[in-house]
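Student: Following this message is one structure expressed as C-alpha coordinates.
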Amino acid sequence: MKTFFFILISSLVLFSQSGCLKNTPTQTCTPATVASEEPTIIAYAGNNGINYTRDASGVYYEIVSPGSGATPTLNSKVFVTYTGKLLNGSVFDQQTNASLTGWQLGSLIQGWQIGLQLIQKGGKMKLIVPSSLAYGCNGG
(Lines give C-alpha, C1' and ligand atoms only; values in the text may rest on other atoms or scores of the structure.)
Protein backbone atom coordinates (compact mmCIF):
# COMPACT_ATOMS: atom_id res chain seq x y z
CA MET A 1 0.00 0.00 0.00
CA LYS A 2 1.35 3.39 -0.96
CA THR A 3 0.37 6.25 1.33
CA PHE A 4 0.06 9.89 0.31
CA PHE A 5 -0.86 12.84 2.47
CA PHE A 6 -1.56 16.21 0.95
CA ILE A 7 -1.20 19.20 3.19
CA LEU A 8 -3.39 21.93 1.82
CA ILE A 9 -2.74 24.89 3.96
CA SER A 10 -2.73 28.55 2.92
CA SER A 11 -6.26 29.72 2.55
CA LEU A 12 -7.59 26.34 3.21
CA VAL A 13 -6.80 22.90 3.85
CA LEU A 14 -4.74 19.99 5.00
CA PHE A 15 -5.88 17.00 3.13
CA SER A 16 -4.57 13.53 2.73
CA GLN A 17 -5.05 10.60 0.55
CA SER A 18 -3.79 7.06 0.56
CA GLY A 19 -3.86 5.22 -2.69
CA CYS A 20 -3.14 1.62 -3.53
CA LEU A 21 0.01 0.56 -5.28
CA LYS A 22 -0.75 -1.49 -8.38
CA ASN A 23 1.99 -3.96 -9.22
CA THR A 24 0.60 -5.02 -12.57
CA PRO A 25 -2.02 -3.58 -14.90
CA THR A 26 -4.33 -6.53 -14.18
CA GLN A 27 -4.08 -6.31 -10.39
CA THR A 28 -6.99 -4.54 -8.73
CA CYS A 29 -6.81 -2.22 -5.78
CA THR A 30 -8.85 -2.68 -2.63
CA PRO A 31 -9.77 0.74 -1.25
CA ALA A 32 -8.71 1.46 2.31
CA THR A 33 -11.43 2.06 4.86
CA VAL A 34 -11.65 5.20 6.96
CA ALA A 35 -11.15 3.07 10.08
CA SER A 36 -8.01 1.40 8.69
CA GLU A 37 -6.39 4.79 8.01
CA GLU A 38 -7.35 6.36 11.33
CA PRO A 39 -4.19 5.37 13.29
CA THR A 40 -1.96 6.79 10.55
CA ILE A 41 -3.96 10.01 10.37
CA ILE A 42 -3.88 10.47 14.15
CA ALA A 43 -0.11 9.85 14.25
CA TYR A 44 0.44 12.27 11.36
CA ALA A 45 -1.63 14.98 13.07
CA GLY A 46 0.23 14.49 16.34
CA ASN A 47 3.65 14.55 14.69
CA ASN A 48 2.76 17.75 12.82
CA GLY A 49 1.19 19.69 15.68
CA ILE A 50 -2.33 19.57 14.25
CA ASN A 51 -4.91 20.06 17.00
CA TYR A 52 -7.62 18.16 15.16
CA THR A 53 -11.32 17.56 15.44
CA ARG A 54 -12.75 14.41 13.88
CA ASP A 55 -15.86 14.79 11.75
CA ALA A 56 -18.31 11.84 11.80
CA SER A 57 -17.30 11.13 8.18
CA GLY A 58 -13.70 10.42 9.22
CA VAL A 59 -12.32 13.76 8.00
CA TYR A 60 -9.94 15.39 10.49
CA TYR A 61 -9.60 19.15 10.57
CA GLU A 62 -8.24 22.13 12.44
CA ILE A 63 -9.79 25.52 11.81
CA VAL A 64 -6.95 28.03 11.80
CA SER A 65 -9.21 31.01 11.03
CA PRO A 66 -12.98 30.66 10.57
CA GLY A 67 -13.30 33.53 8.09
CA SER A 68 -16.42 35.64 7.89
CA GLY A 69 -19.50 35.92 5.78
CA ALA A 70 -21.17 33.11 3.91
CA THR A 71 -20.39 29.45 4.41
CA PRO A 72 -20.20 27.61 1.07
CA THR A 73 -22.79 25.05 0.04
CA LEU A 74 -22.33 22.25 -2.48
CA ASN A 75 -23.71 24.61 -5.13
CA SER A 76 -21.21 27.38 -4.28
CA LYS A 77 -18.30 28.27 -6.51
CA VAL A 78 -15.19 28.19 -4.33
CA PHE A 79 -11.90 29.95 -4.93
CA VAL A 80 -9.05 28.45 -2.92
CA THR A 81 -5.32 28.60 -2.41
CA TYR A 82 -3.62 25.50 -1.13
CA THR A 83 -0.38 23.61 -0.92
CA GLY A 84 -0.52 19.85 -1.22
CA LYS A 85 2.30 17.86 0.25
CA LEU A 86 3.08 14.19 0.42
CA LEU A 87 3.56 12.63 3.82
CA ASN A 88 7.33 12.99 3.36
CA GLY A 89 6.95 16.78 2.97
CA SER A 90 7.46 17.09 -0.77
CA VAL A 91 4.96 19.34 -2.56
CA PHE A 92 2.47 17.36 -4.60
CA ASP A 93 0.21 20.16 -5.82
CA GLN A 94 -0.41 23.80 -5.06
CA GLN A 95 -2.31 26.84 -6.12
CA THR A 96 -1.29 30.29 -4.87
CA ASN A 97 -3.71 32.26 -7.03
CA ALA A 98 -7.31 31.62 -5.97
CA SER A 99 -8.64 33.27 -9.13
CA LEU A 100 -7.31 30.30 -11.10
CA THR A 101 -9.61 27.91 -9.25
CA GLY A 102 -13.34 28.71 -9.10
CA TRP A 103 -14.74 25.19 -8.75
CA GLN A 104 -18.25 24.18 -7.77
CA LEU A 105 -17.83 22.65 -4.32
CA GLY A 106 -20.14 19.74 -5.18
CA SER A 107 -17.77 18.70 -7.99
CA LEU A 108 -14.76 18.33 -5.71
CA ILE A 109 -13.67 15.31 -3.70
CA GLN A 110 -15.95 14.39 -0.82
CA GLY A 111 -13.36 15.40 1.79
CA TRP A 112 -13.26 18.97 0.46
CA GLN A 113 -17.06 19.03 0.26
CA ILE A 114 -17.20 18.18 3.96
CA GLY A 115 -14.31 20.35 5.10
CA LEU A 116 -14.90 23.56 3.20
CA GLN A 117 -18.42 23.82 4.57
CA LEU A 118 -16.87 24.18 8.05
CA ILE A 119 -15.33 27.58 7.31
CA GLN A 120 -16.52 30.85 5.85
CA LYS A 121 -15.14 33.07 3.10
CA GLY A 122 -11.51 33.91 3.83
CA GLY A 123 -11.18 31.08 6.35
CA LYS A 124 -8.13 28.88 6.74
CA MET A 125 -8.04 25.28 7.86
CA LYS A 126 -5.97 22.14 7.89
CA LEU A 127 -7.84 19.15 6.57
CA ILE A 128 -6.83 15.50 6.60
CA VAL A 129 -8.98 13.42 4.27
CA PRO A 130 -8.95 9.60 4.30
CA SER A 131 -8.35 8.14 0.84
CA SER A 132 -11.91 6.80 0.58
CA LEU A 133 -13.13 10.43 0.79
CA ALA A 134 -10.48 11.57 -1.70
CA TYR A 135 -9.19 9.62 -4.70
CA GLY A 136 -9.03 6.12 -3.23
CA CYS A 137 -7.28 3.73 -5.58
CA ASN A 138 -7.21 6.30 -8.39
CA GLY A 139 -4.35 8.14 -6.72
CA GLY A 140 -5.45 11.59 -7.87
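Letters A, B, ... mark the chains of the C-alpha coordinates in the order given; residue numbers begin at 1 per chain; ligand numbers begin at 1, in order shown.
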Which residues come within 10 Å of Ser107 (chain A), counting only C-alpha atoms, excluding same-chain residues fewer than 3 positions away, as a count of residues only?

Tutor: 8

Student: Could you check which of A:Ser132, A:Ser99, A:Gln120, A:Asn48 is closest to Pro31 (chain A), using only C-alpha atoms?

Tutor: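 Selected residue with least distance to Pro31 (chain A): A:Ser132.
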
Student: Please determine, counting only C-alpha atoms, which residue among A:Asn138, A:Gly122, A:Ala43, A:Leu116 has the shortest atom-to-atom distance to Ser68 (chain A).

Tutor: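 Under the stated criterion, the closest residue is A:Gly122.
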
Student: Quick one: residues within 7 Å of region 58-63 of chain A, only C-alpha atoms counted, chain neighbours fewer than 6 positions away excluded, as a ChimeraX atom specification?

Tutor: /A:34,50-52,111,124-130

Student: Would you mind writing down, as a PyMOL selection string, each residue of region 10-138 of chain A that DSSP on the backbone assigns to helix (DSSP H, G or I)?

Tutor: chain A and resi 34-47+98-100+105-107+110-116+131-133+136-138
